[in-house]
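Participant: Dropping in protein-v9.csv, with CSV, C-alpha atoms and all ligand atoms.
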chain,number,residue,atom,x,y,z
A,1,MET,CA,-13.4,-3.3,-77.8
A,2,THR,CA,-11.5,-6.0,-79.6
A,3,GLU,CA,-12.7,-9.4,-80.6
A,4,ALA,CA,-10.8,-11.1,-77.9
A,5,GLU,CA,-12.8,-9.2,-75.2
A,6,PHE,CA,-16.1,-10.9,-76.1
A,7,THR,CA,-16.8,-13.6,-73.6
A,8,SER,CA,-17.7,-17.1,-75.0
A,9,ARG,CA,-21.5,-17.3,-75.5
A,10,VAL,CA,-23.4,-19.9,-77.5
A,11,PHE,CA,-26.6,-19.1,-79.4
A,12,SER,CA,-28.6,-21.3,-81.6
A,13,GLY,CA,-32.2,-21.8,-82.8
A,14,ILE,CA,-34.6,-24.2,-84.4
A,15,GLN,CA,-37.8,-23.4,-86.3
A,16,PRO,CA,-41.1,-24.7,-84.9
A,17,SER,CA,-42.1,-25.5,-88.5
A,18,GLY,CA,-43.1,-29.1,-87.9
A,19,GLY,CA,-42.0,-32.0,-85.8
A,20,LEU,CA,-38.3,-32.5,-84.9
A,21,THR,CA,-36.3,-34.9,-86.9
A,22,LEU,CA,-33.2,-37.1,-86.2
A,23,GLY,CA,-31.3,-34.5,-88.3
A,24,ASN,CA,-32.3,-31.7,-85.9
A,25,TYR,CA,-31.4,-33.9,-83.0
A,26,LEU,CA,-28.0,-35.0,-84.2
A,27,GLY,CA,-27.0,-31.8,-86.0
A,28,ALA,CA,-28.3,-29.5,-83.3
A,29,LEU,CA,-30.1,-30.6,-80.1
A,30,LYS,CA,-27.7,-33.2,-78.9
A,31,ARG,CA,-24.8,-30.7,-79.4
A,32,PHE,CA,-26.7,-27.9,-77.7
A,33,ALA,CA,-26.9,-30.1,-74.6
A,34,GLN,CA,-23.2,-30.9,-74.8
A,35,ALA,CA,-22.3,-27.2,-75.1
A,36,GLN,CA,-24.4,-26.4,-72.0
A,37,ASP,CA,-22.8,-29.2,-70.0
A,38,GLN,CA,-19.3,-27.8,-70.8
A,39,GLY,CA,-20.3,-24.8,-68.6
A,40,ILE,CA,-20.4,-22.3,-71.5
A,41,GLU,CA,-23.3,-19.7,-71.4
A,42,THR,CA,-25.9,-21.1,-73.7
A,43,ILE,CA,-29.0,-19.4,-75.2
A,44,TYR,CA,-31.4,-21.5,-77.3
A,45,CYS,CA,-34.4,-20.2,-79.1
A,46,MET,CA,-37.5,-21.5,-80.9
A,47,VAL,CA,-37.4,-19.2,-83.9
A,48,ASP,CA,-41.1,-18.8,-84.5
A,49,LEU,CA,-40.6,-15.5,-86.5
A,50,HIS,CA,-38.5,-17.5,-88.9
A,51,ALA,CA,-41.1,-20.2,-89.2
A,52,ILE,CA,-43.7,-17.8,-90.5
A,53,THR,CA,-41.6,-16.8,-93.4
A,54,VAL,CA,-43.5,-19.7,-95.0
A,55,TRP,CA,-47.2,-20.3,-94.3
A,56,GLN,CA,-47.9,-21.8,-90.8
A,57,ASP,CA,-51.3,-22.7,-89.6
A,58,PRO,CA,-51.7,-20.7,-86.3
A,59,VAL,CA,-53.0,-23.6,-84.2
A,60,LYS,CA,-50.2,-25.9,-85.5
A,61,LEU,CA,-47.6,-23.3,-84.9
A,62,ARG,CA,-48.5,-22.9,-81.3
A,63,HIS,CA,-48.5,-26.7,-80.8
A,64,ALA,CA,-45.1,-27.0,-82.7
A,65,THR,CA,-43.5,-24.3,-80.6
A,66,ARG,CA,-44.5,-26.0,-77.3
A,67,GLU,CA,-43.5,-29.4,-78.7
A,68,LEU,CA,-40.1,-28.0,-79.8
A,69,CYS,CA,-39.6,-26.7,-76.2
A,70,ALA,CA,-40.4,-30.2,-74.9
A,71,GLY,CA,-37.9,-31.5,-77.5
A,72,PHE,CA,-35.1,-29.2,-76.3
A,73,ILE,CA,-35.7,-30.3,-72.6
A,74,ALA,CA,-36.1,-34.0,-73.4
A,75,SER,CA,-32.8,-33.8,-75.4
A,76,GLY,CA,-31.0,-32.6,-72.3
A,77,VAL,CA,-31.2,-28.8,-72.5
A,78,ASP,CA,-31.9,-27.7,-68.9
A,79,PRO,CA,-33.9,-24.4,-68.7
A,80,GLU,CA,-32.2,-23.6,-65.5
A,81,LYS,CA,-28.7,-23.9,-67.0
A,82,SER,CA,-29.5,-22.6,-70.5
A,83,ILE,CA,-31.8,-19.7,-71.5
A,84,LEU,CA,-34.7,-21.3,-73.4
A,85,PHE,CA,-37.4,-19.1,-75.0
A,86,ASN,CA,-39.3,-18.4,-78.2
A,87,GLN,CA,-38.1,-15.6,-80.4
A,88,SER,CA,-41.3,-13.5,-80.7
A,89,GLN,CA,-41.4,-12.9,-77.0
A,90,VAL,CA,-38.1,-10.9,-77.2
A,91,SER,CA,-38.9,-8.0,-79.6
A,92,GLU,CA,-35.2,-7.0,-79.7
A,93,HIS,CA,-34.6,-9.7,-82.4
A,94,ALA,CA,-37.0,-8.1,-84.8
A,95,GLN,CA,-35.8,-4.6,-83.9
A,96,LEU,CA,-32.1,-5.4,-84.6
A,97,ALA,CA,-33.1,-7.3,-87.7
A,98,TRP,CA,-34.5,-4.0,-89.1
A,99,ILE,CA,-31.1,-2.3,-88.6
A,100,PHE,CA,-29.5,-5.3,-90.3
A,101,ASN,CA,-31.9,-5.1,-93.2
A,102,CYS,CA,-30.4,-1.6,-93.8
A,103,VAL,CA,-26.8,-3.0,-93.5
A,104,ALA,CA,-27.1,-6.2,-95.6
A,105,ARG,CA,-27.1,-5.8,-99.4
A,106,MET,CA,-29.7,-7.3,-101.8
A,107,GLY,CA,-26.9,-9.0,-103.7
A,108,TRP,CA,-25.8,-10.9,-100.6
A,109,MET,CA,-29.4,-12.2,-100.0
A,110,LYS,CA,-29.8,-13.2,-103.6
A,111,ARG,CA,-26.9,-15.6,-103.3
A,112,MET,CA,-28.4,-17.6,-100.4
A,113,THR,CA,-29.0,-21.1,-101.5
A,114,GLN,CA,-31.7,-21.8,-98.9
A,115,PHE,CA,-33.8,-18.9,-100.3
A,116,LYS,CA,-33.4,-20.4,-103.8
A,117,ASP,CA,-34.3,-23.9,-102.5
A,118,LYS,CA,-37.3,-22.8,-100.5
A,119,ALA,CA,-38.6,-20.2,-102.9
A,120,GLY,CA,-38.3,-22.7,-105.7
A,121,LYS,CA,-39.2,-21.6,-109.3
A,122,ASN,CA,-41.7,-19.0,-108.1
A,123,ALA,CA,-39.4,-16.6,-106.3
A,124,GLU,CA,-41.5,-13.6,-107.1
A,125,ASN,CA,-44.2,-15.1,-105.0
A,126,ALA,CA,-42.0,-15.8,-101.9
A,127,SER,CA,-42.5,-13.7,-98.9
A,128,LEU,CA,-40.2,-10.7,-98.2
A,129,GLY,CA,-39.6,-12.4,-94.9
A,130,LEU,CA,-38.1,-15.4,-96.5
A,131,PHE,CA,-35.8,-13.2,-98.6
A,132,GLY,CA,-34.7,-11.3,-95.5
A,133,TYR,CA,-34.4,-14.5,-93.3
A,134,PRO,CA,-30.6,-14.3,-92.9
A,135,ALA,CA,-30.8,-10.7,-91.6
A,136,LEU,CA,-33.1,-11.9,-88.8
A,137,MET,CA,-30.8,-14.8,-88.2
A,138,ALA,CA,-27.9,-12.5,-87.8
A,139,ALA,CA,-29.9,-10.4,-85.4
A,140,ASP,CA,-30.8,-13.5,-83.3
A,141,ILE,CA,-27.1,-14.2,-82.8
A,142,LEU,CA,-25.7,-10.7,-82.6
A,143,VAL,CA,-28.3,-9.3,-80.2
A,144,TYR,CA,-26.6,-11.5,-77.6
A,145,HIS,CA,-23.1,-10.8,-78.9
A,146,ALA,CA,-22.9,-14.6,-79.2
A,147,THR,CA,-19.5,-15.8,-80.2
A,148,HIS,CA,-20.2,-19.5,-81.2
A,149,VAL,CA,-23.2,-20.9,-83.1
A,150,PRO,CA,-23.5,-24.8,-83.2
A,151,VAL,CA,-25.5,-25.7,-86.4
A,152,GLY,CA,-25.8,-28.3,-89.1
A,153,GLU,CA,-23.9,-27.9,-92.4
A,154,ASP,CA,-26.9,-26.4,-94.1
A,155,GLN,CA,-26.6,-23.2,-92.1
A,156,LYS,CA,-23.0,-22.5,-93.0
A,157,GLN,CA,-23.8,-19.9,-95.7
A,158,HIS,CA,-26.2,-18.0,-93.4
A,159,LEU,CA,-23.5,-17.8,-90.7
A,160,GLU,CA,-21.0,-16.5,-93.2
A,161,LEU,CA,-23.5,-13.8,-93.9
A,162,THR,CA,-23.9,-13.1,-90.2
A,163,ARG,CA,-20.1,-12.4,-90.1
A,164,ASP,CA,-20.4,-10.2,-93.2
A,165,ILE,CA,-23.2,-8.1,-91.6
A,166,ALA,CA,-21.2,-7.7,-88.3
A,167,ALA,CA,-18.1,-6.7,-90.2
A,168,LYS,CA,-20.0,-4.2,-92.4
A,169,PHE,CA,-21.8,-2.7,-89.4
A,170,ASN,CA,-18.5,-2.3,-87.5
A,171,HIS,CA,-16.8,-0.9,-90.5
A,172,ASP,CA,-19.6,1.6,-91.5
A,173,TYR,CA,-19.9,3.0,-88.0
A,174,SER,CA,-16.1,2.7,-87.2
A,175,VAL,CA,-16.8,0.6,-84.1
A,176,ASP,CA,-15.8,-2.9,-82.9
A,177,PHE,CA,-19.2,-3.6,-81.5
A,178,PHE,CA,-20.4,-6.9,-82.9
A,179,PRO,CA,-18.3,-10.0,-82.6
A,180,ILE,CA,-17.3,-12.0,-85.7
A,181,THR,CA,-19.2,-15.2,-84.8
A,182,GLU,CA,-17.7,-18.7,-85.2
A,183,PRO,CA,-19.9,-21.4,-86.7
A,184,VAL,CA,-19.5,-24.7,-84.9
A,185,ILE,CA,-20.2,-27.4,-87.4
A,186,GLU,CA,-18.7,-30.6,-85.9
A,187,GLY,CA,-19.3,-34.3,-85.5
A,188,ALA,CA,-20.3,-37.2,-87.8
A,189,ALA,CA,-23.9,-35.9,-88.4
A,190,THR,CA,-23.6,-32.3,-89.5
A,191,ARG,CA,-25.7,-33.3,-92.5
A,192,VAL,CA,-28.1,-36.2,-91.9
A,193,MET,CA,-29.6,-37.2,-95.2
A,194,SER,CA,-33.1,-38.4,-96.2
A,195,LEU,CA,-33.7,-42.1,-95.7
A,196,ARG,CA,-35.2,-42.2,-99.2
A,197,ASP,CA,-32.6,-40.2,-101.1
A,198,GLY,CA,-29.0,-39.9,-100.0
A,199,SER,CA,-28.5,-36.7,-101.9
A,200,LYS,CA,-31.3,-34.7,-100.0
A,201,LYS,CA,-31.1,-33.4,-96.5
A,202,MET,CA,-33.4,-35.0,-93.9
A,203,SER,CA,-36.0,-32.3,-93.3
A,204,LYS,CA,-39.1,-31.8,-91.3
A,205,SER,CA,-41.0,-30.4,-94.2
A,206,ASP,CA,-40.2,-33.3,-96.7
A,207,PRO,CA,-43.6,-34.6,-97.9
A,208,SER,CA,-42.5,-38.2,-97.3
A,209,ASP,CA,-42.7,-39.2,-93.7
A,210,MET,CA,-40.5,-42.3,-94.6
A,211,SER,CA,-37.7,-39.9,-95.4
A,212,ARG,CA,-37.1,-39.0,-91.8
A,213,ILE,CA,-37.2,-40.2,-88.2
A,214,ASN,CA,-39.3,-37.9,-86.1
A,215,LEU,CA,-38.5,-37.4,-82.4
A,216,THR,CA,-42.1,-38.4,-81.7
A,217,ASP,CA,-41.9,-41.8,-83.6
A,218,ASP,CA,-42.4,-44.9,-81.6
A,219,ALA,CA,-40.0,-47.8,-81.5
A,220,ASP,CA,-41.8,-49.8,-84.2
A,221,THR,CA,-42.0,-46.9,-86.6
A,222,ILE,CA,-38.3,-46.1,-86.1
A,223,ALA,CA,-37.3,-49.7,-86.8
A,224,LYS,CA,-39.6,-49.9,-89.8
A,225,LYS,CA,-38.2,-46.7,-91.3
A,226,ILE,CA,-34.6,-47.9,-90.9
A,227,ARG,CA,-35.5,-51.3,-92.4
A,228,LYS,CA,-37.0,-49.6,-95.4
A,229,ALA,CA,-34.3,-47.0,-95.8
A,230,LYS,CA,-32.9,-46.9,-99.3
A,231,THR,CA,-29.5,-48.7,-99.7
A,232,ASP,CA,-27.6,-50.2,-102.6
A,233,PRO,CA,-27.3,-54.0,-103.1
A,234,GLU,CA,-23.6,-54.3,-102.0
A,235,PRO,CA,-22.6,-55.1,-98.4
A,236,LEU,CA,-20.9,-52.4,-96.4
A,237,PRO,CA,-17.3,-51.8,-97.5
A,238,SER,CA,-14.5,-52.8,-95.1
A,239,GLU,CA,-13.0,-49.2,-95.1
A,240,VAL,CA,-14.2,-45.6,-95.0
A,241,ALA,CA,-12.8,-44.9,-98.5
A,242,GLY,CA,-15.3,-47.5,-99.8
A,243,LEU,CA,-18.2,-45.3,-98.8
A,244,GLU,CA,-17.4,-42.7,-101.4
A,245,ASP,CA,-20.1,-42.6,-104.1
A,246,ARG,CA,-22.4,-44.6,-101.8
A,247,PRO,CA,-24.4,-41.8,-100.2
A,248,GLU,CA,-27.1,-43.9,-98.6
A,249,ALA,CA,-24.6,-46.2,-97.0
A,250,ARG,CA,-22.5,-43.2,-95.9
A,251,ASN,CA,-25.6,-41.6,-94.3
A,252,LEU,CA,-26.5,-44.7,-92.3
A,253,ILE,CA,-22.9,-45.1,-91.1
A,254,ASN,CA,-22.8,-41.4,-90.1
A,255,ILE,CA,-26.1,-41.8,-88.2
A,256,TYR,CA,-24.7,-44.8,-86.4
A,257,ALA,CA,-21.5,-43.0,-85.5
A,258,ALA,CA,-23.3,-39.9,-84.2
A,259,LEU,CA,-25.8,-42.0,-82.1
A,260,SER,CA,-23.0,-44.1,-80.6
A,261,ASP,CA,-20.6,-41.2,-80.1
A,262,LYS,CA,-17.9,-43.0,-82.1
A,263,SER,CA,-15.9,-41.8,-85.1
A,264,VAL,CA,-16.7,-43.1,-88.6
A,265,ASP,CA,-13.4,-45.0,-88.5
A,266,GLN,CA,-14.4,-46.8,-85.3
A,267,VAL,CA,-17.8,-47.7,-86.7
A,268,MET,CA,-16.3,-49.1,-89.9
A,269,ALA,CA,-13.9,-51.2,-87.8
A,270,ASP,CA,-16.9,-52.7,-86.1
A,271,VAL,CA,-19.4,-53.1,-88.9
A,272,GLY,CA,-17.3,-53.0,-92.2
A,273,GLY,CA,-18.2,-55.9,-94.5
A,274,LYS,CA,-21.6,-56.6,-93.0
A,275,ALA,CA,-24.7,-57.0,-95.2
A,276,PHE,CA,-27.4,-54.3,-94.7
A,277,SER,CA,-29.7,-57.0,-93.5
A,278,GLU,CA,-27.4,-57.4,-90.5
A,279,PHE,CA,-26.4,-53.7,-90.1
A,280,LYS,CA,-29.9,-52.2,-90.3
A,281,PRO,CA,-31.3,-54.0,-87.2
A,282,MET,CA,-28.1,-52.9,-85.2
A,283,LEU,CA,-28.8,-49.3,-86.3
A,284,ALA,CA,-32.5,-49.6,-85.5
A,285,ASP,CA,-31.7,-51.0,-82.0
A,286,LEU,CA,-29.3,-48.1,-81.3
A,287,ALA,CA,-31.8,-45.5,-82.7
A,288,VAL,CA,-34.7,-46.9,-80.6
A,289,ALA,CA,-32.5,-47.0,-77.4
A,290,GLN,CA,-31.6,-43.3,-77.8
A,291,MET,CA,-34.7,-41.9,-79.3
A,292,ALA,CA,-37.5,-43.7,-77.3
A,293,PRO,CA,-36.7,-42.1,-74.0
A,294,ILE,CA,-36.7,-38.6,-75.7
A,295,SER,CA,-40.0,-39.3,-77.3
A,296,ASP,CA,-41.5,-40.5,-74.0
A,297,GLU,CA,-40.2,-37.5,-72.1
A,298,MET,CA,-41.6,-35.1,-74.8
A,299,SER,CA,-45.1,-36.7,-74.4
A,300,ARG,CA,-44.8,-36.4,-70.6
A,301,LEU,CA,-43.8,-32.7,-70.8
A,302,MET,CA,-46.6,-31.9,-73.4
A,303,GLN,CA,-49.2,-32.9,-70.8
A,304,ASP,CA,-48.5,-29.7,-69.0
A,305,GLU,CA,-48.6,-26.9,-71.5
A,306,ALA,CA,-48.9,-24.2,-68.9
A,307,GLU,CA,-45.5,-25.3,-67.4
A,308,ILE,CA,-44.0,-25.1,-70.9
A,309,ASP,CA,-45.4,-21.6,-71.4
A,310,ARG,CA,-44.0,-20.6,-68.0
A,311,ILE,CA,-40.5,-21.9,-68.9
A,312,LEU,CA,-40.6,-19.9,-72.2
A,313,THR,CA,-41.7,-16.7,-70.4
A,314,VAL,CA,-39.0,-17.0,-67.8
A,315,GLY,CA,-36.4,-17.7,-70.6
A,316,ALA,CA,-37.6,-14.7,-72.5
A,317,ASP,CA,-37.2,-12.4,-69.5
A,318,ARG,CA,-33.6,-13.7,-69.1
A,319,ALA,CA,-32.9,-13.3,-72.8
A,320,ARG,CA,-34.3,-9.7,-72.8
A,321,ALA,CA,-32.0,-8.7,-70.0
A,322,ILE,CA,-29.0,-9.4,-72.2
A,323,ALA,CA,-30.5,-8.2,-75.5
A,324,ALA,CA,-32.0,-4.9,-74.4
A,325,PRO,CA,-28.7,-3.1,-73.6
A,326,ILE,CA,-27.1,-4.4,-76.8
A,327,LEU,CA,-30.0,-3.1,-78.9
A,328,LYS,CA,-29.9,0.2,-77.0
A,329,LYS,CA,-26.2,0.6,-77.7
A,330,THR,CA,-26.8,-0.3,-81.4
A,331,TYR,CA,-29.4,2.5,-81.6
A,332,GLU,CA,-27.0,4.9,-80.1
A,333,ILE,CA,-24.3,4.0,-82.6
A,334,VAL,CA,-26.7,4.3,-85.5
A,335,GLY,CA,-27.8,7.8,-84.2
A,336,LEU,CA,-31.4,7.1,-83.3
A,337,VAL,CA,-32.7,9.8,-80.9
A,338,GLY,CA,-34.2,8.8,-77.6
A,339,SER,CA,-32.1,5.6,-77.2
B,401,LIG,N1,-30.6,-33.1,-91.8
B,401,LIG,C1,-30.0,-32.4,-90.9
B,401,LIG,N2,-28.7,-32.8,-90.5
B,401,LIG,C2,-28.0,-32.1,-89.6
B,401,LIG,N3,-28.5,-30.9,-89.0
B,401,LIG,C3,-29.7,-30.5,-89.4
B,401,LIG,N4,-30.5,-29.4,-89.1
B,401,LIG,C4,-31.6,-29.5,-89.7
B,401,LIG,N5,-31.7,-30.5,-90.5
B,401,LIG,C5,-30.5,-31.2,-90.4
B,401,LIG,C6,-30.0,-28.4,-88.1
B,401,LIG,O1,-31.1,-28.2,-87.2
B,401,LIG,C7,-31.1,-26.9,-86.8
B,401,LIG,C8,-32.4,-26.3,-86.9
B,401,LIG,O2,-32.9,-26.2,-88.2
B,401,LIG,P1,-34.2,-25.4,-88.5
B,401,LIG,O3,-35.4,-26.1,-88.0
B,401,LIG,O4,-34.1,-24.0,-88.1
B,401,LIG,O5,-34.2,-25.3,-90.1
B,401,LIG,P2,-33.8,-26.2,-91.2
B,401,LIG,O6,-32.3,-26.3,-91.2
B,401,LIG,O7,-34.4,-25.7,-92.4
B,401,LIG,O8,-34.4,-27.7,-90.8
B,401,LIG,P3,-35.4,-28.5,-91.6
B,401,LIG,O9,-35.7,-29.7,-90.8
B,401,LIG,O10,-35.0,-28.7,-93.0
B,401,LIG,O11,-36.7,-27.5,-91.5
B,401,LIG,P4,-37.6,-27.1,-92.7
B,401,LIG,O12,-38.1,-28.4,-93.3
B,401,LIG,O13,-38.8,-26.4,-92.0
B,401,LIG,O14,-36.8,-26.2,-93.6
B,401,LIG,C9,-30.0,-26.1,-87.6
B,401,LIG,O15,-28.9,-26.1,-86.8
B,401,LIG,C10,-29.8,-27.1,-88.8
B,401,LIG,O16,-28.5,-27.0,-89.3
Show me, as structure tokens, the structure contained in the file I just sent.
Ligand code: AQP
Facilitator:
Amino acid sequence: MTEAEFTSRVFSGIQPSGGLTLGNYLGALKRFAQAQDQGIETIYCMVDLHAITVWQDPVKLRHATRELCAGFIASGVDPEKSILFNQSQVSEHAQLAWIFNCVARMGWMKRMTQFKDKAGKNAENASLGLFGYPALMAADILVYHATHVPVGEDQKQHLELTRDIAAKFNHDYSVDFFPITEPVIEGAATRVMSLRDGSKKMSKSDPSDMSRINLTDDADTIAKKIRKAKTDPEPLPSEVAGLEDRPEARNLINIYAALSDKSVDQVMADVGGKAFSEFKPMLADLAVAQMAPISDEMSRLMQDEAEIDRILTVGADRARAIAAPILKKTYEIVGLVGS
């Protein structure tokens, strides 16, 4: 089998490790819905096994998984058109991850910046799961022979590792079995930054709630967070080049561009030279107009948890139908008896 024979298939996932942020929406969810609407086969996963690589309260994890499912649907992912499920219901992910634990090298894992960031100074005390996170992520993708993975910029290194694992497996076993996956990191908001610090990624686990816009924030909260977002004293520059070395201004412009589906150049043509006191209310209005309907729809969907669970189970059955034969073939290639 050559690479060209793999049909286009999109896979991506999000951790139910807290509430969804504007970063998750612009960097991932919005683009997931766009890929689905282009008619490509799309598989989207709530990666709960990834979430537990750091401590999760069980009650909160269950809630966050269902809320994440509501977030996917409210952002335009249709469970009829896409396959939508939670990772732990399809055991093939964890089974293939074990094979990849035996393919990936310790040295590769040690280079992962996300591990270093999340483990912090006390790496000896981090879970083994956090260290092996990228092997599970490679399994998530490759158990479907996915060819394209839309993600934010922060996942680039993990996707390079996915390619390395696929290539090493194919090489070690002299097969052309796993595709060399393409990361799809596109658009103005591949890295939405914290509203309090333009050098830090907007993240659902940041201790400061003012650093992020949550998909569940109401209109007043969104407007307040944008009004209070850190900026510098200068007005916006008149050209894109003037945004260099102004990370907070750049971030707000990127968010505006992504929300309005315009390029950064187009946005600068519209708002260049304005004071932040004029620009921030424009951005707040735009954010509220886009986010409020999503937040309302999430609340509506969360009123029927049984229906969310049903959607996840149906999605898991559909996912397993693709994953099981690929895992079986992997076991055969590896030489495991009984497969
Ligand atoms: N700030 C961001 N800008 C653009 N894209 C982002 N993504 C996350 N934050 C941003 C993208 O969202 C998808 C799912 O991410 P995840 O939940 O699996 O993990 P993460 O990247 O670690 O996100 P968080 O919010 O920072 O979670 P925590 O705080 O739990 O670690 C990915 O495609 C990611 O690129």
Participant: Give me the residues near Lys200 (chain A) as number ranges by chain, where near means some atom within 10 Å (using all atoms listed in the file) and where sequence neighbours in that chain fewer than 4 positions away do not count.
Facilitator: A: 191-196, 206, 211, 247
Participant: Would you pick out the contacts of Leu26 (chain A) at 12 Å or less, using only C-alpha atoms, so that residues sharing its chain but fewer than 6 positions from it are not included, and give the list as a count of residues only?
Facilitator: 33
Participant: Using only C-alpha atoms, which residues sit within 8 Å of region 95-108 of chain A once same-chain residues fewer than 5 positions away are excluded, as an MDAnalysis selection string?
Facilitator: chainID A and resid 132 135:140 143 161 165 168:169 327
Participant: Find, counting all atoms listed in the file, the residue in A:Val184, A:Ala275, A:Val59, A:Leu301 that gets nearest to ligand LIG 401 (chain B).
Facilitator: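 Looking at the shortest contact to ligand LIG 401 (chain B), the residue is A:Val184.
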Participant: What is the CA of Leu312 (chain A)-CA of Phe85 (chain A) distance in Å, reported with one decimal?
Facilitator: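 Interatomic distance here is 4.3 Å.
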Participant: Residues within 6 Å of region 38-50 of chain A, please, as a PyMOL selection string. Count all atoms listed in the file; anything in the same chain fewer than 3 positions from it doesn't count.
Facilitator: chain A and resi 9-16+35+53+82-87
Participant: From the options A:Val271, A:Lys224, A:Ile52, A:Asp57, which residue's atoms come nearest to Ser88 (chain A), counting only C-alpha atoms?
Facilitator: A:Ile52
Participant: Can I get a file of region 220-243 of chain A from the given structure, C-alpha atoms kept, as a compact mmCIF listing (two decimals), in the first residue's frame?
Facilitator:
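File produced: out_9.txt:
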# COMPACT_ATOMS: atom_id res chain seq x y z
CA ASP A 220 -21.61 40.50 30.07
CA THR A 221 -18.69 38.34 31.18
CA ILE A 222 -17.28 38.14 27.64
CA ALA A 223 -17.53 41.93 27.25
CA LYS A 224 -15.92 42.50 30.66
CA LYS A 225 -13.00 40.15 29.95
CA ILE A 226 -12.29 41.86 26.62
CA ARG A 227 -12.57 45.33 28.20
CA LYS A 228 -10.04 44.28 30.85
CA ALA A 229 -7.72 42.43 28.46
CA LYS A 230 -4.12 43.54 28.84
CA THR A 231 -2.95 45.96 26.11
CA ASP A 232 -0.23 48.56 25.70
CA PRO A 233 -0.89 52.33 25.81
CA GLU A 234 -0.39 52.96 22.06
CA PRO A 235 -3.30 52.95 19.58
CA LEU A 236 -3.39 50.09 17.06
CA PRO A 237 -0.79 50.51 14.30
CA SER A 238 -1.97 51.27 10.80
CA GLU A 239 -0.20 48.23 9.27
CA VAL A 240 0.35 44.57 10.13
CA ALA A 241 4.11 45.12 10.47
CA GLY A 242 3.43 47.47 13.38
CA LEU A 243 2.03 44.56 15.42
